[in-house]
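Undergrad: Following this line is upload32.pdb, made up of PDB, C-alpha atoms, pLDDT in the B column:
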```pdb
ATOM      1  CA  MET E  30     209.762 104.526-106.888  1.00 47.00           C
ATOM      2  CA  ARG E  31     211.798 105.290-103.798  1.00 49.00           C
ATOM      3  CA  GLU E  32     210.894 108.996-103.984  1.00 51.00           C
ATOM      4  CA  ALA E  33     207.177 108.068-104.370  1.00 51.00           C
ATOM      5  CA  SER E  34     207.420 105.800-101.346  1.00 57.00           C
ATOM      6  CA  LYS E  35     209.030 108.544 -99.321  1.00 55.00           C
ATOM      7  CA  LEU E  36     206.317 110.946-100.424  1.00 54.00           C
ATOM      8  CA  GLU E  37     203.555 108.491 -99.436  1.00 57.00           C
ATOM      9  CA  MET E  38     205.127 107.903 -96.068  1.00 57.00           C
ATOM     10  CA  ALA E  39     205.457 111.639 -95.475  1.00 52.00           C
ATOM     11  CA  THR E  40     201.823 112.123 -96.490  1.00 54.00           C
ATOM     12  CA  GLN E  41     200.627 109.346 -94.145  1.00 53.00           C
ATOM     13  CA  GLU E  42     202.622 110.754 -91.274  1.00 55.00           C
ATOM     14  CA  GLY E  43     201.145 114.151 -91.899  1.00 54.00           C
ATOM     15  CA  VAL E  44     197.572 112.945 -92.293  1.00 49.00           C
ATOM     16  CA  SER E  45     197.535 110.465 -89.381  1.00 55.00           C
ATOM     17  CA  PRO E  46     197.453 113.118 -86.616  1.00 57.00           C
ATOM     18  CA  LEU E  47     194.684 114.943 -88.467  1.00 52.00           C
ATOM     19  CA  VAL E  48     192.612 111.755 -88.815  1.00 49.00           C
ATOM     20  CA  GLY E  49     193.160 110.952 -85.159  1.00 54.00           C
ATOM     21  CA  ALA E  50     192.074 114.441 -84.161  1.00 53.00           C
ATOM     22  CA  LEU E  51     188.939 114.220 -86.279  1.00 52.00           C
ATOM     23  CA  SER E  52     188.007 110.705 -85.152  1.00 53.00           C
ATOM     24  CA  GLY E  53     188.069 111.688 -81.488  1.00 56.00           C
ATOM     25  CA  PRO E  54     184.839 113.727 -81.563  1.00 59.00           C
ATOM     26  CA  ILE E  55     183.177 111.079 -83.727  1.00 56.00           C
ATOM     27  CA  ARG E  56     184.008 108.381 -81.190  1.00 58.00           C
ATOM     28  CA  ASN E  57     182.715 110.600 -78.409  1.00 59.00           C
ATOM     29  CA  VAL E  58     179.443 111.058 -80.259  1.00 54.00           C
ATOM     30  CA  GLU E  59     179.162 107.299 -80.857  1.00 56.00           C
ATOM     31  CA  ASN E  60     179.926 106.572 -77.209  1.00 59.00           C
ATOM     32  CA  PHE E  61     177.342 109.146 -76.142  1.00 56.00           C
ATOM     33  CA  PHE E  62     174.564 107.587 -78.229  1.00 57.00           C
ATOM     34  CA  SER E  63     175.628 104.085 -77.164  1.00 64.00           C
ATOM     35  CA  SER E  64     175.573 105.104 -73.525  1.00 66.00           C
ATOM     36  CA  PHE E  65     172.210 106.823 -74.029  1.00 63.00           C
ATOM     37  CA  ALA E  66     170.715 103.659 -75.585  1.00 70.00           C
ATOM     38  CA  GLU E  67     172.047 101.524 -72.748  1.00 75.00           C
ATOM     39  CA  ARG E  68     170.613 103.908 -70.173  1.00 75.00           C
ATOM     40  CA  ALA E  69     167.240 103.894 -71.909  1.00 74.00           C
ATOM     41  CA  ARG E  70     167.283 100.080 -72.000  1.00 80.00           C
ATOM     42  CA  ALA E  71     168.288  99.938 -68.328  1.00 80.00           C
ATOM     43  CA  PHE E  72     165.454 102.335 -67.482  1.00 78.00           C
ATOM     44  CA  GLU E  73     162.926 100.086 -69.268  1.00 82.00           C
ATOM     45  CA  GLU E  74     164.252  96.977 -67.544  1.00 84.00           C
ATOM     46  CA  ASN E  75     164.150  98.757 -64.200  1.00 84.00           C
ATOM     47  CA  ALA E  76     160.518  99.740 -64.764  1.00 83.00           C
ATOM     48  CA  GLN E  77     159.653  96.162 -65.713  1.00 85.00           C
ATOM     49  CA  LEU E  78     161.403  94.787 -62.617  1.00 85.00           C
ATOM     50  CA  ARG E  79     159.499  97.211 -60.417  1.00 84.00           C
ATOM     51  CA  SER E  80     156.218  96.046 -61.938  1.00 84.00           C
ATOM     52  CA  GLU E  81     157.158  92.401 -61.381  1.00 86.00           C
ATOM     53  CA  LEU E  82     158.198  93.184 -57.802  1.00 84.00           C
ATOM     54  CA  VAL E  83     154.784  94.714 -57.085  1.00 81.00           C
ATOM     55  CA  THR E  84     153.080  91.620 -58.542  1.00 84.00           C
ATOM     56  CA  LEU E  85     155.267  89.267 -56.472  1.00 84.00           C
ATOM     57  CA  ARG E  86     154.564  91.207 -53.300  1.00 81.00           C
ATOM     58  CA  ASP E  87     150.841  90.982 -53.982  1.00 78.00           C
ATOM     59  CA  ARG E  88     151.096  87.237 -54.590  1.00 82.00           C
ATOM     60  CA  GLN E  89     153.163  86.785 -51.440  1.00 82.00           C
ATOM     61  CA  ALA E  90     150.523  88.605 -49.397  1.00 77.00           C
ATOM     62  CA  ARG E  91     147.798  86.413 -50.915  1.00 80.00           C
ATOM     63  CA  TYR E  92     149.864  83.270 -50.213  1.00 79.00           C
ATOM     64  CA  GLU E  93     150.418  84.253 -46.584  1.00 78.00           C
ATOM     65  CA  ASN E  94     146.694  84.885 -46.120  1.00 75.00           C
ATOM     66  CA  LEU E  95     145.842  81.518 -47.679  1.00 78.00           C
ATOM     67  CA  ALA E  96     148.455  79.783 -45.516  1.00 73.00           C
ATOM     68  CA  ILE E  97     146.838  81.266 -42.398  1.00 74.00           C
ATOM     69  CA  LYS E  98     143.388  80.095 -43.549  1.00 72.00           C
ATOM     70  CA  VAL E  99     144.631  76.584 -44.338  1.00 71.00           C
ATOM     71  CA  ALA E 100     146.327  76.350 -40.939  1.00 68.00           C
ATOM     72  CA  ARG E 101     143.058  77.338 -39.273  1.00 68.00           C
ATOM     73  CA  TYR E 102     141.091  74.788 -41.288  1.00 66.00           C
ATOM     74  CA  GLU E 103     143.596  72.074 -40.410  1.00 61.00           C
ATOM     75  CA  ALA E 104     143.316  72.968 -36.726  1.00 63.00           C
ATOM     76  CA  ILE E 105     139.501  72.920 -36.903  1.00 60.00           C
ATOM     77  CA  LEU E 106     139.262  69.666 -38.869  1.00 56.00           C
ATOM     78  CA  GLY E 107     142.236  68.010 -37.214  1.00 58.00           C
ATOM     79  CA  VAL E 108     143.528  66.696 -40.530  1.00 57.00           C
ATOM     80  CA  ASP E 109     146.164  67.395 -43.128  1.00 59.00           C
ATOM     81  CA  THR E 110     144.145  69.006 -45.941  1.00 58.00           C
ATOM     82  CA  GLU E 111     146.463  67.584 -48.615  1.00 58.00           C
ATOM     83  CA  THR E 112     146.018  63.934 -47.661  1.00 61.00           C
ATOM     84  CA  ASP E 113     143.071  63.772 -45.214  1.00 65.00           C
ATOM     85  CA  VAL E 114     145.474  62.169 -42.750  1.00 68.00           C
ATOM     86  CA  PRO E 115     144.964  63.162 -39.098  1.00 67.00           C
ATOM     87  CA  LEU E 116     147.662  65.502 -37.876  1.00 70.00           C
ATOM     88  CA  LYS E 117     148.173  63.259 -34.875  1.00 79.00           C
ATOM     89  CA  LYS E 118     150.948  60.728 -35.475  1.00 88.00           C
ATOM     90  CA  ILE E 119     151.997  57.793 -33.328  1.00 92.00           C
ATOM     91  CA  ALA E 120     155.734  57.086 -33.557  1.00 93.00           C
ATOM     92  CA  ALA E 121     156.732  53.430 -33.443  1.00 94.00           C
ATOM     93  CA  ARG E 122     159.730  51.173 -33.771  1.00 92.00           C
ATOM     94  CA  ALA E 123     159.309  48.614 -36.557  1.00 89.00           C
ATOM     95  CA  VAL E 124     160.931  45.174 -36.716  1.00 84.00           C
ATOM     96  CA  GLY E 125     160.620  42.536 -39.407  1.00 76.00           C
ATOM     97  CA  GLU E 126     158.476  39.522 -38.636  1.00 67.00           C
ATOM     98  CA  VAL E 127     160.172  36.236 -39.492  1.00 59.00           C
ATOM     99  CA  ASP E 128     157.759  33.492 -38.412  1.00 58.00           C
ATOM    100  CA  GLY E 129     154.489  35.365 -38.855  1.00 63.00           C
ATOM    101  CA  PRO E 130     151.523  34.385 -41.022  1.00 67.00           C
ATOM    102  CA  PHE E 131     152.517  36.868 -43.736  1.00 71.00           C
ATOM    103  CA  VAL E 132     155.642  36.894 -45.869  1.00 72.00           C
ATOM    104  CA  ARG E 133     156.217  40.630 -45.699  1.00 82.00           C
ATOM    105  CA  SER E 134     154.961  42.159 -42.475  1.00 88.00           C
ATOM    106  CA  LEU E 135     156.241  44.258 -39.607  1.00 91.00           C
ATOM    107  CA  LEU E 136     155.711  44.307 -35.866  1.00 93.00           C
ATOM    108  CA  LEU E 137     155.327  47.645 -34.102  1.00 95.00           C
ATOM    109  CA  ASN E 138     155.967  48.358 -30.439  1.00 94.00           C
ATOM    110  CA  VAL E 139     152.691  50.320 -30.114  1.00 96.00           C
ATOM    111  CA  GLY E 140     149.156  49.038 -29.871  1.00 96.00           C
ATOM    112  CA  ALA E 141     145.578  49.735 -28.849  1.00 95.00           C
ATOM    113  CA  LYS E 142     146.635  51.465 -25.627  1.00 95.00           C
ATOM    114  CA  ASP E 143     148.550  53.969 -27.776  1.00 95.00           C
ATOM    115  CA  GLY E 144     145.576  54.659 -30.035  1.00 94.00           C
ATOM    116  CA  VAL E 145     146.462  52.268 -32.882  1.00 95.00           C
ATOM    117  CA  ALA E 146     143.556  50.573 -34.671  1.00 94.00           C
ATOM    118  CA  ILE E 147     143.132  48.078 -37.488  1.00 94.00           C
ATOM    119  CA  GLY E 148     143.341  49.745 -40.889  1.00 93.00           C
ATOM    120  CA  ASN E 149     145.547  52.647 -39.800  1.00 94.00           C
ATOM    121  CA  PRO E 150     148.101  53.621 -42.483  1.00 94.00           C
ATOM    122  CA  VAL E 151     151.752  53.253 -41.518  1.00 94.00           C
ATOM    123  CA  MET E 152     154.219  55.716 -43.011  1.00 92.00           C
ATOM    124  CA  SER E 153     157.961  56.150 -43.151  1.00 91.00           C
ATOM    125  CA  VAL E 154     159.843  59.282 -44.143  1.00 87.00           C
ATOM    126  CA  ASP E 155     159.851  57.948 -47.718  1.00 88.00           C
ATOM    127  CA  GLY E 156     156.212  56.990 -48.128  1.00 91.00           C
ATOM    128  CA  LEU E 157     153.450  54.528 -47.314  1.00 94.00           C
ATOM    129  CA  VAL E 158     154.706  51.261 -45.817  1.00 94.00           C
ATOM    130  CA  GLY E 159     151.402  49.443 -45.355  1.00 95.00           C
ATOM    131  CA  HIS E 160     148.453  49.308 -42.990  1.00 95.00           C
ATOM    132  CA  VAL E 161     147.691  47.756 -39.615  1.00 95.00           C
ATOM    133  CA  ILE E 162     145.949  44.373 -39.818  1.00 94.00           C
ATOM    134  CA  ASN E 163     146.161  43.167 -36.199  1.00 94.00           C
ATOM    135  CA  VAL E 164     146.371  45.055 -32.918  1.00 96.00           C
ATOM    136  CA  GLY E 165     147.263  44.005 -29.399  1.00 95.00           C
ATOM    137  CA  PRO E 166     147.445  46.114 -26.264  1.00 96.00           C
ATOM    138  CA  ARG E 167     151.112  47.021 -26.813  1.00 94.00           C
ATOM    139  CA  SER E 168     151.921  45.789 -30.317  1.00 94.00           C
ATOM    140  CA  ALA E 169     150.551  45.814 -33.844  1.00 95.00           C
ATOM    141  CA  ARG E 170     151.136  43.900 -37.061  1.00 94.00           C
ATOM    142  CA  VAL E 171     151.561  45.801 -40.335  1.00 94.00           C
ATOM    143  CA  LEU E 172     150.923  44.282 -43.758  1.00 94.00           C
ATOM    144  CA  ARG E 173     153.447  45.748 -46.168  1.00 94.00           C
ATOM    145  CA  LEU E 174     152.428  46.872 -49.671  1.00 95.00           C
ATOM    146  CA  SER E 175     154.617  44.189 -51.222  1.00 93.00           C
ATOM    147  CA  ASP E 176     152.905  41.270 -49.426  1.00 92.00           C
ATOM    148  CA  LEU E 177     150.863  38.866 -51.535  1.00 92.00           C
ATOM    149  CA  ASN E 178     147.758  39.669 -49.481  1.00 93.00           C
ATOM    150  CA  SER E 179     148.002  43.443 -49.903  1.00 95.00           C
ATOM    151  CA  ARG E 180     145.523  45.280 -52.135  1.00 95.00           C
ATOM    152  CA  ILE E 181     145.090  49.055 -52.046  1.00 96.00           C
ATOM    153  CA  ALA E 182     143.462  51.592 -54.357  1.00 96.00           C
ATOM    154  CA  VAL E 183     145.967  53.930 -56.004  1.00 97.00           C
ATOM    155  CA  ALA E 184     146.001  56.735 -58.554  1.00 96.00           C
ATOM    156  CA  SER E 185     148.409  58.531 -60.846  1.00 96.00           C
ATOM    157  CA  ALA E 186     149.196  61.937 -59.363  1.00 93.00           C
ATOM    158  CA  ARG E 187     149.606  63.278 -62.918  1.00 93.00           C
ATOM    159  CA  SER E 188     146.423  62.050 -64.620  1.00 94.00           C
ATOM    160  CA  GLU E 189     144.347  60.882 -61.617  1.00 93.00           C
ATOM    161  CA  ALA E 190     143.726  57.567 -63.406  1.00 95.00           C
ATOM    162  CA  THR E 191     143.106  54.779 -60.895  1.00 96.00           C
ATOM    163  CA  ALA E 192     144.190  51.175 -60.381  1.00 97.00           C
ATOM    164  CA  ILE E 193     144.724  48.541 -57.705  1.00 97.00           C
ATOM    165  CA  LEU E 194     148.220  47.978 -56.343  1.00 97.00           C
ATOM    166  CA  ALA E 195     148.507  44.224 -55.836  1.00 96.00           C
ATOM    167  CA  GLY E 196     151.380  42.834 -53.806  1.00 94.00           C
ATOM    168  CA  ASP E 197     153.104  39.693 -55.059  1.00 93.00           C
ATOM    169  CA  ASN E 198     155.929  39.292 -52.535  1.00 91.00           C
ATOM    170  CA  SER E 199     158.295  41.175 -54.843  1.00 90.00           C
ATOM    171  CA  PRO E 200     159.857  44.581 -54.117  1.00 87.00           C
ATOM    172  CA  ARG E 201     157.872  46.057 -57.036  1.00 94.00           C
ATOM    173  CA  PRO E 202     154.164  45.170 -56.826  1.00 96.00           C
ATOM    174  CA  LYS E 203     152.059  45.248 -59.959  1.00 95.00           C
ATOM    175  CA  LEU E 204     149.148  47.430 -61.032  1.00 96.00           C
ATOM    176  CA  ASP E 205     145.892  45.519 -61.582  1.00 95.00           C
ATOM    177  CA  PHE E 206     142.422  46.572 -62.725  1.00 94.00           C
ATOM    178  CA  ILE E 207     143.930  49.625 -64.391  1.00 94.00           C
ATOM    179  CA  ASN E 208     141.391  52.300 -65.228  1.00 90.00           C
ATOM    180  CA  GLN E 209     142.183  54.514 -68.248  1.00 91.00           C
ATOM    181  CA  ALA E 210     145.343  52.615 -69.161  1.00 90.00           C
ATOM    182  CA  GLU E 211     146.221  55.248 -71.757  1.00 93.00           C
ATOM    183  CA  ASN E 212     146.570  57.787 -68.919  1.00 94.00           C
ATOM    184  CA  TRP E 213     149.234  55.788 -67.135  1.00 96.00           C
ATOM    185  CA  ALA E 214     152.894  56.218 -68.084  1.00 95.00           C
ATOM    186  CA  GLU E 215     156.272  55.145 -66.834  1.00 96.00           C
ATOM    187  CA  GLY E 216     157.586  57.600 -64.285  1.00 96.00           C
ATOM    188  CA  ASP E 217     154.139  58.604 -62.980  1.00 96.00           C
ATOM    189  CA  ARG E 218     154.067  59.285 -59.259  1.00 96.00           C
ATOM    190  CA  VAL E 219     151.645  56.895 -57.549  1.00 97.00           C
ATOM    191  CA  ILE E 220     149.549  57.922 -54.546  1.00 95.00           C
ATOM    192  CA  SER E 221     146.753  56.311 -52.565  1.00 95.00           C
ATOM    193  CA  SER E 222     143.448  57.231 -54.195  1.00 93.00           C
ATOM    194  CA  GLY E 223     141.190  56.763 -51.180  1.00 89.00           C
ATOM    195  CA  ASP E 224     138.581  55.152 -53.454  1.00 89.00           C
ATOM    196  CA  ASP E 225     138.403  52.045 -51.262  1.00 85.00           C
ATOM    197  CA  GLY E 226     137.564  54.122 -48.182  1.00 83.00           C
ATOM    198  CA  ALA E 227     140.225  52.239 -46.237  1.00 86.00           C
ATOM    199  CA  LEU E 228     143.132  54.658 -46.691  1.00 90.00           C
ATOM    200  CA  PRO E 229     143.190  58.447 -47.074  1.00 88.00           C
ATOM    201  CA  ARG E 230     143.966  60.011 -50.430  1.00 89.00           C
ATOM    202  CA  GLY E 231     147.371  61.436 -51.295  1.00 89.00           C
ATOM    203  CA  LEU E 232     149.805  59.145 -49.484  1.00 92.00           C
ATOM    204  CA  ALA E 233     153.045  58.678 -51.426  1.00 93.00           C
ATOM    205  CA  VAL E 234     153.307  55.106 -52.721  1.00 96.00           C
ATOM    206  CA  GLY E 235     155.994  55.036 -55.428  1.00 95.00           C
ATOM    207  CA  VAL E 236     156.762  55.496 -59.121  1.00 96.00           C
ATOM    208  CA  VAL E 237     155.464  53.551 -62.137  1.00 97.00           C
ATOM    209  CA  MET E 238     157.953  51.379 -64.023  1.00 96.00           C
ATOM    210  CA  ILE E 239     157.568  48.956 -66.933  1.00 95.00           C
ATOM    211  CA  ASP E 240     159.013  45.470 -66.463  1.00 93.00           C
ATOM    212  CA  GLU E 241     160.494  43.219 -69.153  1.00 92.00           C
ATOM    213  CA  THR E 242     157.054  41.776 -69.967  1.00 92.00           C
ATOM    214  CA  GLY E 243     155.534  45.227 -70.524  1.00 91.00           C
ATOM    215  CA  ALA E 244     153.486  45.109 -67.314  1.00 93.00           C
ATOM    216  CA  MET E 245     153.201  48.167 -65.110  1.00 96.00           C
ATOM    217  CA  ARG E 246     154.732  47.877 -61.679  1.00 97.00           C
ATOM    218  CA  VAL E 247     155.431  50.337 -58.880  1.00 97.00           C
ATOM    219  CA  ASP E 248     158.849  51.033 -57.452  1.00 96.00           C
ATOM    220  CA  LEU E 249     157.824  51.571 -53.827  1.00 95.00           C
ATOM    221  CA  SER E 250     159.082  54.710 -52.114  1.00 91.00           C
ATOM    222  CA  SER E 251     159.285  52.948 -48.753  1.00 87.00           C
ATOM    223  CA  ALA E 252     161.527  50.234 -50.200  1.00 82.00           C
ATOM    224  CA  SER E 253     164.397  52.660 -50.841  1.00 68.00           C
ATOM    225  CA  ALA E 254     165.691  52.413 -47.262  1.00 68.00           C
ATOM    226  CA  ALA E 255     165.521  50.067 -44.304  1.00 71.00           C
ATOM    227  CA  THR E 256     162.318  50.456 -42.298  1.00 79.00           C
ATOM    228  CA  ASP E 257     163.240  51.276 -38.724  1.00 84.00           C
ATOM    229  CA  TRP E 258     161.134  54.074 -37.278  1.00 90.00           C
ATOM    230  CA  VAL E 259     157.643  54.670 -38.651  1.00 93.00           C
ATOM    231  CA  TRP E 260     154.520  56.520 -37.607  1.00 92.00           C
ATOM    232  CA  VAL E 261     150.932  55.372 -37.483  1.00 95.00           C
ATOM    233  CA  SER E 262     148.153  57.749 -38.505  1.00 90.00           C
ATOM    234  CA  PRO E 263     144.911  57.082 -36.579  1.00 89.00           C
ATOM    235  CA  TYR E 264     142.782  57.477 -39.696  1.00 84.00           C
ATOM    236  CA  LYS E 265     139.196  56.293 -39.429  1.00 79.00           C
ATOM    237  CA  PRO E 266     138.019  54.643 -42.660  1.00 75.00           C
ATOM    238  CA  ILE E 267     134.570  55.268 -44.076  1.00 71.00           C
ATOM    239  CA  GLU E 268     132.105  52.850 -42.545  1.00 72.00           C
ATOM    240  CA  PRO E 269     128.783  52.012 -44.207  1.00 71.00           C
ATOM    241  CA  PRO E 270     125.633  52.608 -42.177  1.00 72.00           C
ATOM    242  CA  ALA E 271     124.002  49.697 -40.401  1.00 71.00           C
ATOM    243  CA  GLU E 272     121.108  48.067 -42.194  1.00 68.00           C
ATOM    244  CA  ASP E 273     118.616  49.232 -39.576  1.00 66.00           C
ATOM    245  CA  GLU E 274     119.827  52.810 -40.051  1.00 58.00           C
ATOM    246  CA  VAL E 275     119.109  52.929 -43.785  1.00 55.00           C
ATOM    247  CA  THR E 276     116.151  55.130 -44.599  1.00 60.00           C
ATOM    248  CA  PRO E 277     113.737  53.533 -47.110  1.00 57.00           C
TER     249      PRO E 277
END
```
Would you write out, as structure tokens, the structure that this file holds?
TA:
Amino acid sequence: MREASKLEMATQEGVSPLVGALSGPIRNVENFFSSFAERARAFEENAQLRSELVTLRDRQARYENLAIKVARYEAILGVDTETDVPLKKIAARAVGEVDGPFVRSLLLNVGAKDGVAIGNPVMSVDGLVGHVINVGPRSARVLRLSDLNSRIAVASARSEATAILAGDNSPRPKLDFINQAENWAEGDRVISSGDDGALPRGLAVGVVMIDETGAMRVDLSSASAATDWVWVSPYKPIEPPAEDEVTP
């Protein structure tokens, strides 16, 4: 047994260099084909990336042209084409009203002499705060969305279903007169619909939430931070024609 073991060991030692010498070319061939396949794959990916780059450049050129056109239209119309809000904005300092006729209202340090008018939407950096309900020469009163007397037309930005946002003196006003209730869902982004003709369409209002009773309410965007500085948009609501101007 010992002699057989010695013979096997001697055989292995003799064969090992030969196997190593033979396996070298085989490994080189394998590495060559592997490298060739990787290069071919890299070439295909490179060609695909070049095609995508050409497409992206074409889209970028189209986007830049459209951006120029939109900017021209905005300058001609004098409005923001996304919301129909005039590009002109009147900055104002807002303070809470304590002894006023409304529970949740604000006083602004701008008025009619600054171009503010009744019905103008008032925005913060977070979203719609409310609208102007009373104007003096140098001051204005704003009815907040959460006030019991506030009613505005809103829509779901996702489904475009409409409703009325009714204030109830709570930080999360409720949705009333919901149209297409099946198209409303928790988490929907709520915007002004403009259907009432009083406010422009597209102003950020808040996000839909479901309360403990199952009713839909709106977590107001403007309620997320203290209201200090705001801006008034001199939007002119749609006015019906006078009776004597109606053509029979």
Undergrad: Any idea what's packed within 9 Å of Asp248 of chain E, counting all atoms listed in the file, ignoring anything in its chain fewer than 6 positions away? Could you give it as a ChimeraX atom specification?
TA: /E:200-202,234-238
Undergrad: Only C-alpha atoms, please: the residues just picked out, written as a PDB file, in the frame of the given file.
TA:
```pdb
ATOM      1  CA  PRO E 200     159.857  44.581 -54.117  1.00 87.00           C
ATOM      2  CA  ARG E 201     157.872  46.057 -57.036  1.00 94.00           C
ATOM      3  CA  PRO E 202     154.164  45.170 -56.826  1.00 96.00           C
ATOM      4  CA  VAL E 234     153.307  55.106 -52.721  1.00 96.00           C
ATOM      5  CA  GLY E 235     155.994  55.036 -55.428  1.00 95.00           C
ATOM      6  CA  VAL E 236     156.762  55.496 -59.121  1.00 96.00           C
ATOM      7  CA  VAL E 237     155.464  53.551 -62.137  1.00 97.00           C
ATOM      8  CA  MET E 238     157.953  51.379 -64.023  1.00 96.00           C
TER       9      MET E 238
END
```
Undergrad: Mind telling me what the PyMOL selection byres ((chain E and resi 265) around 10) catches here, as a PyMOL selection string?
TA: chain E and resi 114-115+146-150+226-229+262-264+266-268
Undergrad: Could you tell me which of E:Val261, E:Thr242, E:Asp143, E:Leu85 comes closest to Val161 of chain E if we count only C-alpha atoms?
TA: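 Closest to Val161 of chain E, using only C-alpha atoms: E:Val261.
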Undergrad: Quick one: pull the distance between atom CA of Ile207 of chain E and atom CA of Ser221 of chain E, Å, one decimal.
TA: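 Between atom CA of Ile207 of chain E and atom CA of Ser221 of chain E the gap is 13.9 Å.
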Undergrad: Could you please determine the separation between atom CA of Phe131 of chain E and atom CA of Ile193 of chain E in Å, to one decimal place?
TA: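 Those two atoms sit 19.8 Å apart.
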Undergrad: So, counting only C-alpha atoms, which residue among E:Ala66, E:Val183, E:Ile220, E:Val247 is closest to Asn208 of chain E?
TA: E:Val183
Undergrad: Any idea what the distance is between atom CA of Gly140 of chain E and atom CA of Val124 of chain E?
TA: 14.2 Å
Undergrad: Identify which of the residues E:Glu215, E:Arg122, E:Trp258, E:Ser134 lies closest to Ile239 of chain E, counting all atoms listed in the file when measuring atom-to-atom distances.
TA: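 Among the listed residues, the smallest separation from Ile239 of chain E belongs to E:Glu215.
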Undergrad: Using all atoms listed in the file, pick whichever of E:Arg70, E:Arg187, E:Lys118, E:Arg86 has the shortest atom-to-atom distance to Val139 of chain E.
TA: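 So, comparing all the options, the nearest one is E:Lys118.
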Undergrad: Once the PyMOL selection byres ((chain E and resi 176) around 12) has been evaluated on this model, what residues remain selected, and can you format them as a list in words?
TA: Pro130, Phe131, Val132, Arg133, Ser134, Leu135, Val158, Gly159, His160, Val171, Leu172, Arg173, Leu174, Ser175, Leu177, Asn178, Ser179, Arg180, Ile181, Leu194, Ala195, Gly196, Asp197, Asn198, Ser199, Pro200, Arg201, Pro202 and Lys203 of chain E
Undergrad: Find the residues around Met152 of chain E up to 6 Å (only C-alpha atoms counted), leave out those fewer than 2 positions away in its own chain, and share them as a list in words.
TA: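 Result of the neighbour search: Gly156, Leu157, Val158, Val259 and Trp260 of chain E.
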